[in-house]
Amino acid sequence: MTDEVASVLPPARTAAGAVGLDAIVSDPSGAVIGLDFDGTLSPIVPDPASARVHPEAPGVLAELGPMVGAIVVLTGRPAAVAIEYGASPGPGPGLTDVPGLVVLGQYGAERWEAGEVTSPPPPRGVDAVRGALPGVLLSLGVRDAYIEDKGRALAVHTRRSADPDATLGALRGPLARLAREHGLTVEPGKMVIELRPPGVDKGHALRAFLAERGARSVLFAGDDLGDLAAYNAVRESGLPGVTVCSRSHETAPELADRADLIVEGPDGVVALLRALTRVLGKGQAAQYG
Ligand SMILES: O=P(O)(O)OC[C@H]1O[C@H](O[C@H]2O[C@H](CO)[C@@H](O)[C@H](O)[C@H]2O)[C@H](O)[C@@H](O)[C@@H]1O
């Protein structure tokens, strides 16, 4: 990496991360840029339905898209919801304006691409859990948790409860039992416990996407426990790769410990993507100018 590039891009904290950044900069058409949605592209807010993409993210991604192999959003949200919440509130671009964007939703079970969503039908256990969940919460005396119905998964949020941590603690065991009884798995996250079908995670999803695109390098940015599987996929791929932690006061220590690069929340992610766009734009100008 030249001194000029190094002065624009934030430095990696690990040797593997430095190799990954080098590979992306020197051969951008082989790079896959993977991004989580909530907490990474979209600031965390109390009401899950009010989350919206960082206003500058789609514009930066729209510039970066043609410079790299692919940009993929890997999220626990339904793919169509990430697209909806990724819309521009004003005249600027939204996520649908990012050239070639793919969104892998519900931890990789769903795919949005070129305006089309593909999604397998939810397993029967999800219906059973949907029916049982309100009664389970009532039996535990939990009246202030919020159930987010994602079609093929149900997320129980405690961020707006009177005591979010205590409520989360009280729910952990019973929700794990409920999930087990109906063949589902539990996905813990920031003030949320999700009951979802097993068999996919962000690691599977990223591995398959890297193979599909014949990736030669990879960067993945995330902020929560569900993103660790994608961090594993970056390392296990054997490709030069960079794991990025979008940090906040509620980031689990494992995320920051295992990240090659730490940035401060979605603002930091956007700044990193902008720096990458600048560096790659200069490279292209030098090549063709
Ligand atoms: O994989 P992600 O894109 O990070 O999605 C993970 C979960 O994110 C959402 O919940 C989180 O963000 C909410 C809005 O900022 C916040 O209120 C909540 O406390 C966070 O856990 C989403 O609601 C879930 O469905 C996603 O699975």
# chains A, B, ... in the order shown; residues from 1 in each chain; ligands from 1
>>> residues_near_ligand(ligand="ligand 1", cutoff="9 Å", atoms="only C-alpha atoms and all ligand atoms", output="PyMOL selection string")
chain A and resi 35-52+73-78+82+105-107+148-150+153-160+187-194+202+222-227
>>> write_last_selection(atoms="C-alpha atoms", output="PDB file, in the first residue's frame")
ATOM      1  CA  LEU A  35     -22.312  -5.254   5.109  1.00  0.00           C
ATOM      2  CA  ASP A  36     -24.718  -5.915   7.938  1.00  0.00           C
ATOM      3  CA  PHE A  37     -27.779  -3.608   8.102  1.00  0.00           C
ATOM      4  CA  ASP A  38     -28.868  -2.685  11.671  1.00  0.00           C
ATOM      5  CA  GLY A  39     -26.057  -1.093  13.651  1.00  0.00           C
ATOM      6  CA  THR A  40     -23.748  -1.031  10.612  1.00  0.00           C
ATOM      7  CA  LEU A  41     -25.540   0.653   7.707  1.00  0.00           C
ATOM      8  CA  SER A  42     -28.417   1.856   9.880  1.00  0.00           C
ATOM      9  CA  PRO A  43     -28.107   3.500  13.311  1.00  0.00           C
ATOM     10  CA  ILE A  44     -29.676   1.576  16.213  1.00  0.00           C
ATOM     11  CA  VAL A  45     -32.994   3.152  17.257  1.00  0.00           C
ATOM     12  CA  PRO A  46     -35.503   2.138  19.955  1.00  0.00           C
ATOM     13  CA  ASP A  47     -38.280   1.094  17.559  1.00  0.00           C
ATOM     14  CA  PRO A  48     -37.168  -1.565  15.022  1.00  0.00           C
ATOM     15  CA  ALA A  49     -39.767  -0.295  12.544  1.00  0.00           C
ATOM     16  CA  SER A  50     -38.232   3.198  12.610  1.00  0.00           C
ATOM     17  CA  ALA A  51     -34.728   2.078  11.589  1.00  0.00           C
ATOM     18  CA  ARG A  52     -33.506   3.702   8.379  1.00  0.00           C
ATOM     19  CA  VAL A  73     -25.990  -6.704   2.480  1.00  0.00           C
ATOM     20  CA  LEU A  74     -26.253  -9.640   4.914  1.00  0.00           C
ATOM     21  CA  THR A  75     -29.010  -9.075   7.420  1.00  0.00           C
ATOM     22  CA  GLY A  76     -31.341 -10.691   9.922  1.00  0.00           C
ATOM     23  CA  ARG A  77     -34.107  -8.529   8.489  1.00  0.00           C
ATOM     24  CA  PRO A  78     -36.353  -9.792   5.725  1.00  0.00           C
ATOM     25  CA  ALA A  82     -33.836  -3.886   4.366  1.00  0.00           C
ATOM     26  CA  GLY A 105     -32.085 -11.446   4.255  1.00  0.00           C
ATOM     27  CA  GLN A 106     -33.194 -13.560   7.234  1.00  0.00           C
ATOM     28  CA  TYR A 107     -29.568 -14.674   7.742  1.00  0.00           C
ATOM     29  CA  GLU A 148     -41.429  -8.324  15.641  1.00  0.00           C
ATOM     30  CA  ASP A 149     -43.004 -10.787  13.211  1.00  0.00           C
ATOM     31  CA  LYS A 150     -40.614 -11.330  10.328  1.00  0.00           C
ATOM     32  CA  ALA A 153     -38.866 -15.697  12.280  1.00  0.00           C
ATOM     33  CA  LEU A 154     -40.075 -13.896  15.410  1.00  0.00           C
ATOM     34  CA  ALA A 155     -37.910 -11.443  17.322  1.00  0.00           C
ATOM     35  CA  VAL A 156     -38.684 -10.456  20.910  1.00  0.00           C
ATOM     36  CA  HIS A 157     -37.280  -6.995  21.646  1.00  0.00           C
ATOM     37  CA  THR A 158     -36.734  -5.549  25.128  1.00  0.00           C
ATOM     38  CA  ARG A 159     -35.072  -2.216  24.253  1.00  0.00           C
ATOM     39  CA  ARG A 160     -38.250  -0.312  25.132  1.00  0.00           C
ATOM     40  CA  GLU A 187     -30.405 -15.901  17.694  1.00  0.00           C
ATOM     41  CA  PRO A 188     -29.355 -13.477  20.426  1.00  0.00           C
ATOM     42  CA  GLY A 189     -28.681  -9.838  19.564  1.00  0.00           C
ATOM     43  CA  LYS A 190     -28.776  -6.299  20.897  1.00  0.00           C
ATOM     44  CA  MET A 191     -31.749  -6.237  23.291  1.00  0.00           C
ATOM     45  CA  VAL A 192     -33.394  -8.958  21.231  1.00  0.00           C
ATOM     46  CA  ILE A 193     -33.880 -12.707  21.173  1.00  0.00           C
ATOM     47  CA  GLU A 194     -34.917 -14.098  17.853  1.00  0.00           C
ATOM     48  CA  LYS A 202     -24.468 -15.219   7.887  1.00  0.00           C
ATOM     49  CA  GLY A 222     -20.977  -6.004  11.321  1.00  0.00           C
ATOM     50  CA  ASP A 223     -21.920  -4.973  14.838  1.00  0.00           C
ATOM     51  CA  ASP A 224     -23.665  -7.855  16.596  1.00  0.00           C
ATOM     52  CA  LEU A 225     -23.299 -11.503  17.618  1.00  0.00           C
ATOM     53  CA  GLY A 226     -25.010 -12.796  14.455  1.00  0.00           C
ATOM     54  CA  ASP A 227     -22.139 -11.246  12.486  1.00  0.00           C
TER      55      ASP A 227
END
>>> select_by_dssp(residues="segment 10-142 of chain A", states="strand (DSSP E or B)", output="list in words")
Ala31, Val32, Ile33, Gly34, Leu35, Asp38, Ser42, Ala70, Ile71, Val72, Val73, Leu74, Val102, Val103, Leu104, Gly105, Glu110, Arg111, Trp112, Glu113, Glu116, Val117 and Thr118 of chain A
>>> write_last_selection(atoms="N, CA, C and O atoms", output="PDB file, in the first residue's frame")
ATOM      1  N   ALA A  31     -13.041  -8.013  -5.337  1.00  0.00           N
ATOM      2  CA  ALA A  31     -13.427  -7.826  -3.928  1.00  0.00           C
ATOM      3  C   ALA A  31     -14.936  -7.913  -3.725  1.00  0.00           C
ATOM      4  O   ALA A  31     -15.706  -7.324  -4.479  1.00  0.00           O
ATOM      5  N   VAL A  32     -15.332  -8.648  -2.695  1.00  0.00           N
ATOM      6  CA  VAL A  32     -16.731  -8.638  -2.241  1.00  0.00           C
ATOM      7  C   VAL A  32     -16.789  -7.811  -0.959  1.00  0.00           C
ATOM      8  O   VAL A  32     -16.023  -8.045  -0.016  1.00  0.00           O
ATOM      9  N   ILE A  33     -17.691  -6.831  -0.940  1.00  0.00           N
ATOM     10  CA  ILE A  33     -17.877  -5.979   0.229  1.00  0.00           C
ATOM     11  C   ILE A  33     -19.201  -6.383   0.879  1.00  0.00           C
ATOM     12  O   ILE A  33     -20.276  -6.180   0.300  1.00  0.00           O
ATOM     13  N   GLY A  34     -19.134  -6.994   2.064  1.00  0.00           N
ATOM     14  CA  GLY A  34     -20.332  -7.471   2.767  1.00  0.00           C
ATOM     15  C   GLY A  34     -20.647  -6.550   3.940  1.00  0.00           C
ATOM     16  O   GLY A  34     -19.745  -6.164   4.692  1.00  0.00           O
ATOM     17  N   LEU A  35     -21.919  -6.219   4.073  1.00  0.00           N
ATOM     18  CA  LEU A  35     -22.312  -5.254   5.109  1.00  0.00           C
ATOM     19  C   LEU A  35     -23.572  -5.718   5.812  1.00  0.00           C
ATOM     20  O   LEU A  35     -24.563  -6.089   5.154  1.00  0.00           O
ATOM     21  N   ASP A  38     -28.650  -3.415  10.405  1.00  0.00           N
ATOM     22  CA  ASP A  38     -28.868  -2.685  11.671  1.00  0.00           C
ATOM     23  C   ASP A  38     -27.573  -2.555  12.470  1.00  0.00           C
ATOM     24  O   ASP A  38     -26.893  -3.546  12.737  1.00  0.00           O
ATOM     25  N   SER A  42     -27.269   1.123   9.338  1.00  0.00           N
ATOM     26  CA  SER A  42     -28.417   1.856   9.880  1.00  0.00           C
ATOM     27  C   SER A  42     -28.217   2.048  11.386  1.00  0.00           C
ATOM     28  O   SER A  42     -27.963   1.065  12.097  1.00  0.00           O
ATOM     29  N   ALA A  70     -18.491  -6.990  -6.000  1.00  0.00           N
ATOM     30  CA  ALA A  70     -19.900  -7.016  -5.588  1.00  0.00           C
ATOM     31  C   ALA A  70     -20.060  -6.392  -4.209  1.00  0.00           C
ATOM     32  O   ALA A  70     -19.136  -6.415  -3.392  1.00  0.00           O
ATOM     33  N   ILE A  71     -21.261  -5.835  -3.997  1.00  0.00           N
ATOM     34  CA  ILE A  71     -21.635  -5.374  -2.658  1.00  0.00           C
ATOM     35  C   ILE A  71     -22.843  -6.200  -2.236  1.00  0.00           C
ATOM     36  O   ILE A  71     -23.814  -6.339  -2.993  1.00  0.00           O
ATOM     37  N   VAL A  72     -22.766  -6.775  -1.031  1.00  0.00           N
ATOM     38  CA  VAL A  72     -23.861  -7.608  -0.541  1.00  0.00           C
ATOM     39  C   VAL A  72     -24.227  -7.173   0.880  1.00  0.00           C
ATOM     40  O   VAL A  72     -23.340  -6.964   1.710  1.00  0.00           O
ATOM     41  N   VAL A  73     -25.518  -6.986   1.117  1.00  0.00           N
ATOM     42  CA  VAL A  73     -25.990  -6.704   2.480  1.00  0.00           C
ATOM     43  C   VAL A  73     -26.466  -8.028   3.061  1.00  0.00           C
ATOM     44  O   VAL A  73     -27.283  -8.725   2.456  1.00  0.00           O
ATOM     45  N   LEU A  74     -25.918  -8.379   4.226  1.00  0.00           N
ATOM     46  CA  LEU A  74     -26.253  -9.640   4.914  1.00  0.00           C
ATOM     47  C   LEU A  74     -26.964  -9.276   6.201  1.00  0.00           C
ATOM     48  O   LEU A  74     -26.340  -8.728   7.115  1.00  0.00           O
ATOM     49  N   VAL A 102     -26.870  -6.974  -3.943  1.00  0.00           N
ATOM     50  CA  VAL A 102     -27.620  -8.162  -3.525  1.00  0.00           C
ATOM     51  C   VAL A 102     -27.883  -8.020  -2.030  1.00  0.00           C
ATOM     52  O   VAL A 102     -27.003  -7.598  -1.277  1.00  0.00           O
ATOM     53  N   VAL A 103     -29.108  -8.327  -1.596  1.00  0.00           N
ATOM     54  CA  VAL A 103     -29.412  -8.362  -0.158  1.00  0.00           C
ATOM     55  C   VAL A 103     -29.767  -9.796   0.205  1.00  0.00           C
ATOM     56  O   VAL A 103     -30.686 -10.383  -0.391  1.00  0.00           O
ATOM     57  N   LEU A 104     -29.015 -10.370   1.140  1.00  0.00           N
ATOM     58  CA  LEU A 104     -29.329 -11.707   1.650  1.00  0.00           C
ATOM     59  C   LEU A 104     -29.993 -11.496   3.002  1.00  0.00           C
ATOM     60  O   LEU A 104     -29.350 -11.065   3.962  1.00  0.00           O
ATOM     61  N   GLY A 105     -31.310 -11.741   3.050  1.00  0.00           N
ATOM     62  CA  GLY A 105     -32.085 -11.446   4.255  1.00  0.00           C
ATOM     63  C   GLY A 105     -32.345 -12.681   5.090  1.00  0.00           C
ATOM     64  O   GLY A 105     -32.106 -13.811   4.660  1.00  0.00           O
ATOM     65  N   GLU A 110     -33.226 -15.605   2.464  1.00  0.00           N
ATOM     66  CA  GLU A 110     -33.894 -14.854   1.397  1.00  0.00           C
ATOM     67  C   GLU A 110     -32.863 -14.091   0.570  1.00  0.00           C
ATOM     68  O   GLU A 110     -31.798 -13.743   1.076  1.00  0.00           O
ATOM     69  N   ARG A 111     -33.263 -13.801  -0.670  1.00  0.00           N
ATOM     70  CA  ARG A 111     -32.353 -13.017  -1.520  1.00  0.00           C
ATOM     71  C   ARG A 111     -33.150 -11.969  -2.289  1.00  0.00           C
ATOM     72  O   ARG A 111     -34.184 -12.288  -2.889  1.00  0.00           O
ATOM     73  N   TRP A 112     -32.672 -10.751  -2.235  1.00  0.00           N
ATOM     74  CA  TRP A 112     -33.204  -9.671  -3.085  1.00  0.00           C
ATOM     75  C   TRP A 112     -32.135  -9.332  -4.109  1.00  0.00           C
ATOM     76  O   TRP A 112     -30.976  -9.114  -3.759  1.00  0.00           O
ATOM     77  N   GLU A 113     -32.535  -9.279  -5.364  1.00  0.00           N
ATOM     78  CA  GLU A 113     -31.589  -8.897  -6.413  1.00  0.00           C
ATOM     79  C   GLU A 113     -32.392  -8.328  -7.569  1.00  0.00           C
ATOM     80  O   GLU A 113     -33.398  -8.939  -7.978  1.00  0.00           O
ATOM     81  N   GLU A 116     -36.210  -8.299  -7.310  1.00  0.00           N
ATOM     82  CA  GLU A 116     -36.966  -9.541  -7.061  1.00  0.00           C
ATOM     83  C   GLU A 116     -36.512 -10.169  -5.747  1.00  0.00           C
ATOM     84  O   GLU A 116     -35.313 -10.244  -5.489  1.00  0.00           O
ATOM     85  N   VAL A 117     -37.499 -10.654  -4.963  1.00  0.00           N
ATOM     86  CA  VAL A 117     -37.141 -11.376  -3.727  1.00  0.00           C
ATOM     87  C   VAL A 117     -37.418 -12.855  -3.928  1.00  0.00           C
ATOM     88  O   VAL A 117     -38.484 -13.235  -4.413  1.00  0.00           O
ATOM     89  N   THR A 118     -36.453 -13.692  -3.567  1.00  0.00           N
ATOM     90  CA  THR A 118     -36.735 -15.127  -3.500  1.00  0.00           C
ATOM     91  C   THR A 118     -36.664 -15.541  -2.040  1.00  0.00           C
ATOM     92  O   THR A 118     -35.749 -15.143  -1.313  1.00  0.00           O
TER      93      THR A 118
END
>>> atom_distance(atom1="atom CA of Leu64 of chain A", atom2="atom CA of Gly86 of chain A")
16.3 Å
>>> select_by_dssp(residues="segment 9-100 of chain A", states="alpha helix (DSSP H)", output="ChimeraX atom specification")
/A:15-26,57-64,79-85
>>> atom_distance(atom1="atom CA of Pro120 of chain A", atom2="atom CA of Leu133 of chain A")
22.7 Å
>>> atom_distance(atom1="atom CA of Glu212 of chain A", atom2="atom CA of Asp22 of chain A")
22.4 Å
>>> closest_residue(among="A:Leu239, A:Leu272, A:Leu184, A:Leu21", to="Ala211 of chain A", atoms="only C-alpha atoms")
A:Leu239
>>> residues_around(residues="His204 of chain A", least_positions_apart="2", cutoff="8 Å", atoms="only C-alpha atoms", output="PDB file with all heavy atoms, in the first residue's frame")
ATOM      1  N   GLY A 108     -29.669 -15.130   5.366  1.00  0.00           N
ATOM      2  CA  GLY A 108     -29.278 -15.825   4.128  1.00  0.00           C
ATOM      3  C   GLY A 108     -30.382 -16.687   3.536  1.00  0.00           C
ATOM      4  O   GLY A 108     -30.216 -17.227   2.445  1.00  0.00           O
ATOM      5  N   VAL A 200     -29.296 -21.962   8.428  1.00  0.00           N
ATOM      6  CA  VAL A 200     -28.589 -20.890   7.717  1.00  0.00           C
ATOM      7  C   VAL A 200     -28.046 -19.911   8.747  1.00  0.00           C
ATOM      8  O   VAL A 200     -28.606 -19.763   9.827  1.00  0.00           O
ATOM      9  CB  VAL A 200     -29.496 -20.076   6.754  1.00  0.00           C
ATOM     10  CG1 VAL A 200     -29.750 -20.806   5.449  1.00  0.00           C
ATOM     11  CG2 VAL A 200     -30.783 -19.665   7.418  1.00  0.00           C
ATOM     12  N   ASP A 201     -26.970 -19.271   8.409  1.00  0.00           N
ATOM     13  CA  ASP A 201     -26.493 -18.128   9.197  1.00  0.00           C
ATOM     14  C   ASP A 201     -25.667 -17.256   8.250  1.00  0.00           C
ATOM     15  O   ASP A 201     -25.516 -17.578   7.065  1.00  0.00           O
ATOM     16  CB  ASP A 201     -25.699 -18.566  10.454  1.00  0.00           C
ATOM     17  CG  ASP A 201     -24.437 -19.353  10.131  1.00  0.00           C
ATOM     18  OD1 ASP A 201     -23.863 -19.161   9.036  1.00  0.00           O
ATOM     19  OD2 ASP A 201     -24.009 -20.163  10.971  1.00  0.00           O
ATOM     20  N   LYS A 202     -25.176 -16.146   8.782  1.00  0.00           N
ATOM     21  CA  LYS A 202     -24.468 -15.219   7.887  1.00  0.00           C
ATOM     22  C   LYS A 202     -23.162 -15.825   7.356  1.00  0.00           C
ATOM     23  O   LYS A 202     -22.656 -15.402   6.325  1.00  0.00           O
ATOM     24  CB  LYS A 202     -24.206 -13.896   8.608  1.00  0.00           C
ATOM     25  CG  LYS A 202     -25.484 -13.104   8.888  1.00  0.00           C
ATOM     26  CD  LYS A 202     -25.174 -11.696   9.352  1.00  0.00           C
ATOM     27  CE  LYS A 202     -26.440 -10.961   9.740  1.00  0.00           C
ATOM     28  NZ  LYS A 202     -26.200  -9.544  10.070  1.00  0.00           N
ATOM     29  N   LEU A 206     -22.412 -15.915   3.467  1.00  0.00           N
ATOM     30  CA  LEU A 206     -21.241 -15.229   2.898  1.00  0.00           C
ATOM     31  C   LEU A 206     -20.364 -16.212   2.129  1.00  0.00           C
ATOM     32  O   LEU A 206     -19.900 -15.913   1.024  1.00  0.00           O
ATOM     33  CB  LEU A 206     -20.449 -14.517   4.007  1.00  0.00           C
ATOM     34  CG  LEU A 206     -19.260 -13.679   3.531  1.00  0.00           C
ATOM     35  CD1 LEU A 206     -19.688 -12.608   2.515  1.00  0.00           C
ATOM     36  CD2 LEU A 206     -18.551 -12.994   4.709  1.00  0.00           C
ATOM     37  N   ARG A 207     -20.160 -17.409   2.712  1.00  0.00           N
ATOM     38  CA  ARG A 207     -19.333 -18.424   2.029  1.00  0.00           C
ATOM     39  C   ARG A 207     -19.881 -18.717   0.628  1.00  0.00           C
ATOM     40  O   ARG A 207     -19.152 -18.734  -0.359  1.00  0.00           O
ATOM     41  CB  ARG A 207     -19.354 -19.724   2.844  1.00  0.00           C
ATOM     42  CG  ARG A 207     -18.031 -20.025   3.483  1.00  0.00           C
ATOM     43  CD  ARG A 207     -18.097 -21.258   4.346  1.00  0.00           C
ATOM     44  NE  ARG A 207     -17.866 -20.882   5.731  1.00  0.00           N
ATOM     45  CZ  ARG A 207     -18.718 -20.997   6.724  1.00  0.00           C
ATOM     46  NH1 ARG A 207     -19.915 -21.507   6.539  1.00  0.00           N
ATOM     47  NH2 ARG A 207     -18.378 -20.604   7.938  1.00  0.00           N
ATOM     48  N   ALA A 208     -21.207 -18.932   0.575  1.00  0.00           N
ATOM     49  CA  ALA A 208     -21.830 -19.267  -0.712  1.00  0.00           C
ATOM     50  C   ALA A 208     -21.702 -18.093  -1.685  1.00  0.00           C
ATOM     51  O   ALA A 208     -21.446 -18.288  -2.882  1.00  0.00           O
ATOM     52  CB  ALA A 208     -23.301 -19.628  -0.497  1.00  0.00           C
ATOM     53  N   ALA A 229     -20.496 -15.206  12.694  1.00  0.00           N
ATOM     54  CA  ALA A 229     -20.437 -16.303  11.708  1.00  0.00           C
ATOM     55  C   ALA A 229     -19.838 -15.793  10.390  1.00  0.00           C
ATOM     56  O   ALA A 229     -19.097 -16.521   9.716  1.00  0.00           O
ATOM     57  CB  ALA A 229     -21.830 -16.879  11.478  1.00  0.00           C
ATOM     58  N   ALA A 230     -20.152 -14.551  10.036  1.00  0.00           N
ATOM     59  CA  ALA A 230     -19.572 -13.981   8.805  1.00  0.00           C
ATOM     60  C   ALA A 230     -18.085 -13.686   9.010  1.00  0.00           C
ATOM     61  O   ALA A 230     -17.283 -13.854   8.080  1.00  0.00           O
ATOM     62  CB  ALA A 230     -20.328 -12.727   8.394  1.00  0.00           C
ATOM     63  N   ALA A 233     -16.444 -16.835   8.383  1.00  0.00           N
ATOM     64  CA  ALA A 233     -16.411 -17.153   6.949  1.00  0.00           C
ATOM     65  C   ALA A 233     -15.284 -16.392   6.253  1.00  0.00           C
ATOM     66  O   ALA A 233     -14.627 -16.933   5.360  1.00  0.00           O
ATOM     67  CB  ALA A 233     -17.754 -16.822   6.303  1.00  0.00           C
TER      68      ALA A 233
END
>>> residues_around(residues="Thr167 of chain A", least_positions_apart="4", cutoff="10 Å", atoms="only C-alpha atoms", output="list in words")
Leu140, Gly141, Val142, Arg143, Asp144, Ala145, His157, Thr158, Arg159, Ser161, Ala162, Asp163, Leu171, Arg172 and Met191 of chain A
>>> write_last_selection(atoms="all heavy atoms", output="compact mmCIF listing (two decimals), in the first residue's frame")
# COMPACT_ATOMS: atom_id res chain seq x y z
N LEU A 140 -44.80 -15.20 31.96
CA LEU A 140 -43.58 -14.73 32.63
C LEU A 140 -43.77 -13.33 33.22
O LEU A 140 -42.85 -12.76 33.80
CB LEU A 140 -42.42 -14.68 31.63
CG LEU A 140 -41.96 -16.03 31.07
CD1 LEU A 140 -41.05 -15.83 29.86
CD2 LEU A 140 -41.22 -16.82 32.15
N GLY A 141 -44.95 -12.79 33.03
CA GLY A 141 -45.24 -11.43 33.54
C GLY A 141 -44.56 -10.36 32.70
O GLY A 141 -44.40 -9.22 33.15
N VAL A 142 -44.17 -10.72 31.47
CA VAL A 142 -43.49 -9.73 30.60
C VAL A 142 -44.55 -9.09 29.70
O VAL A 142 -45.08 -9.73 28.80
CB VAL A 142 -42.38 -10.40 29.76
CG1 VAL A 142 -41.82 -9.43 28.73
CG2 VAL A 142 -41.28 -10.93 30.66
N ARG A 143 -44.87 -7.86 29.99
CA ARG A 143 -45.92 -7.17 29.22
C ARG A 143 -45.36 -6.08 28.32
O ARG A 143 -46.10 -5.51 27.51
CB ARG A 143 -46.95 -6.55 30.18
CG ARG A 143 -47.78 -7.60 30.86
CD ARG A 143 -48.90 -7.00 31.70
NE ARG A 143 -49.76 -8.08 32.17
CZ ARG A 143 -49.45 -8.95 33.11
NH1 ARG A 143 -48.27 -8.87 33.71
NH2 ARG A 143 -50.29 -9.90 33.47
N ASP A 144 -44.09 -5.76 28.50
CA ASP A 144 -43.56 -4.62 27.75
C ASP A 144 -42.49 -5.01 26.72
O ASP A 144 -41.71 -4.18 26.29
CB ASP A 144 -43.03 -3.54 28.71
CG ASP A 144 -41.98 -4.09 29.67
OD1 ASP A 144 -41.63 -5.28 29.55
OD2 ASP A 144 -41.52 -3.33 30.53
N ALA A 145 -42.49 -6.30 26.33
CA ALA A 145 -41.58 -6.68 25.24
C ALA A 145 -42.34 -6.50 23.93
O ALA A 145 -43.56 -6.53 23.90
CB ALA A 145 -41.15 -8.13 25.39
N HIS A 157 -38.14 -8.14 21.32
CA HIS A 157 -37.28 -6.99 21.65
C HIS A 157 -37.59 -6.47 23.05
O HIS A 157 -38.76 -6.34 23.41
CB HIS A 157 -37.54 -5.84 20.67
CG HIS A 157 -37.08 -6.11 19.28
ND1 HIS A 157 -35.84 -5.71 18.81
CD2 HIS A 157 -37.69 -6.73 18.23
CE1 HIS A 157 -35.72 -6.08 17.53
NE2 HIS A 157 -36.82 -6.69 17.16
N THR A 158 -36.52 -6.10 23.78
CA THR A 158 -36.73 -5.55 25.13
C THR A 158 -36.19 -4.12 25.26
O THR A 158 -36.20 -3.56 26.35
CB THR A 158 -36.06 -6.44 26.20
OG1 THR A 158 -34.64 -6.36 26.02
CG2 THR A 158 -36.52 -7.87 26.10
N ARG A 159 -35.70 -3.54 24.17
CA ARG A 159 -35.07 -2.22 24.25
C ARG A 159 -36.01 -1.18 24.87
O ARG A 159 -35.58 -0.26 25.55
CB ARG A 159 -34.62 -1.76 22.86
CG ARG A 159 -33.79 -0.48 22.84
CD ARG A 159 -33.27 -0.20 21.45
NE ARG A 159 -32.29 -1.18 21.03
CZ ARG A 159 -31.01 -1.16 21.38
NH1 ARG A 159 -30.55 -0.19 22.15
NH2 ARG A 159 -30.18 -2.08 20.96
N SER A 161 -38.44 -1.88 27.01
CA SER A 161 -39.01 -2.35 28.29
C SER A 161 -38.51 -1.45 29.42
O SER A 161 -37.48 -0.77 29.27
CB SER A 161 -38.56 -3.78 28.58
OG SER A 161 -38.94 -4.63 27.53
N ALA A 162 -39.19 -1.52 30.56
CA ALA A 162 -38.79 -0.69 31.71
C ALA A 162 -37.36 -1.05 32.13
O ALA A 162 -36.56 -0.17 32.45
CB ALA A 162 -39.76 -0.91 32.85
N ASP A 163 -37.03 -2.35 32.15
CA ASP A 163 -35.67 -2.78 32.49
C ASP A 163 -35.21 -3.76 31.39
O ASP A 163 -35.38 -4.98 31.51
CB ASP A 163 -35.67 -3.46 33.87
CG ASP A 163 -34.26 -3.77 34.33
OD1 ASP A 163 -33.33 -3.80 33.49
OD2 ASP A 163 -34.08 -4.00 35.55
N LEU A 171 -36.22 -13.74 29.79
CA LEU A 171 -36.76 -14.40 28.59
C LEU A 171 -35.83 -15.49 28.04
O LEU A 171 -36.29 -16.41 27.35
CB LEU A 171 -36.99 -13.36 27.49
CG LEU A 171 -38.14 -12.37 27.73
CD1 LEU A 171 -38.17 -11.32 26.61
CD2 LEU A 171 -39.48 -13.12 27.77
N ARG A 172 -34.54 -15.37 28.34
CA ARG A 172 -33.54 -16.21 27.67
C ARG A 172 -33.88 -17.71 27.73
O ARG A 172 -33.99 -18.37 26.70
CB ARG A 172 -32.16 -15.94 28.29
CG ARG A 172 -31.06 -15.99 27.26
CD ARG A 172 -29.77 -15.39 27.77
NE ARG A 172 -29.59 -14.01 27.34
CZ ARG A 172 -29.25 -13.00 28.11
NH1 ARG A 172 -29.06 -13.19 29.41
NH2 ARG A 172 -29.12 -11.78 27.62
N MET A 191 -30.43 -6.39 22.67
CA MET A 191 -31.75 -6.24 23.29
C MET A 191 -32.82 -7.00 22.52
O MET A 191 -33.96 -6.55 22.40
CB MET A 191 -32.15 -4.75 23.41
CG MET A 191 -31.21 -3.94 24.23
SD MET A 191 -31.11 -4.59 25.91
CE MET A 191 -29.61 -3.82 26.46
>>> closest_residue(among="A:Ala87, A:Leu219, A:Ala179, A:Ala79", to="Gly20 of chain A", atoms="only C-alpha atoms")
A:Leu219
>>> closest_residue(among="A:Val269, A:Val19, A:Ala256, A:Val68", to="Ala221 of chain A", atoms="only C-alpha atoms")
A:Val269
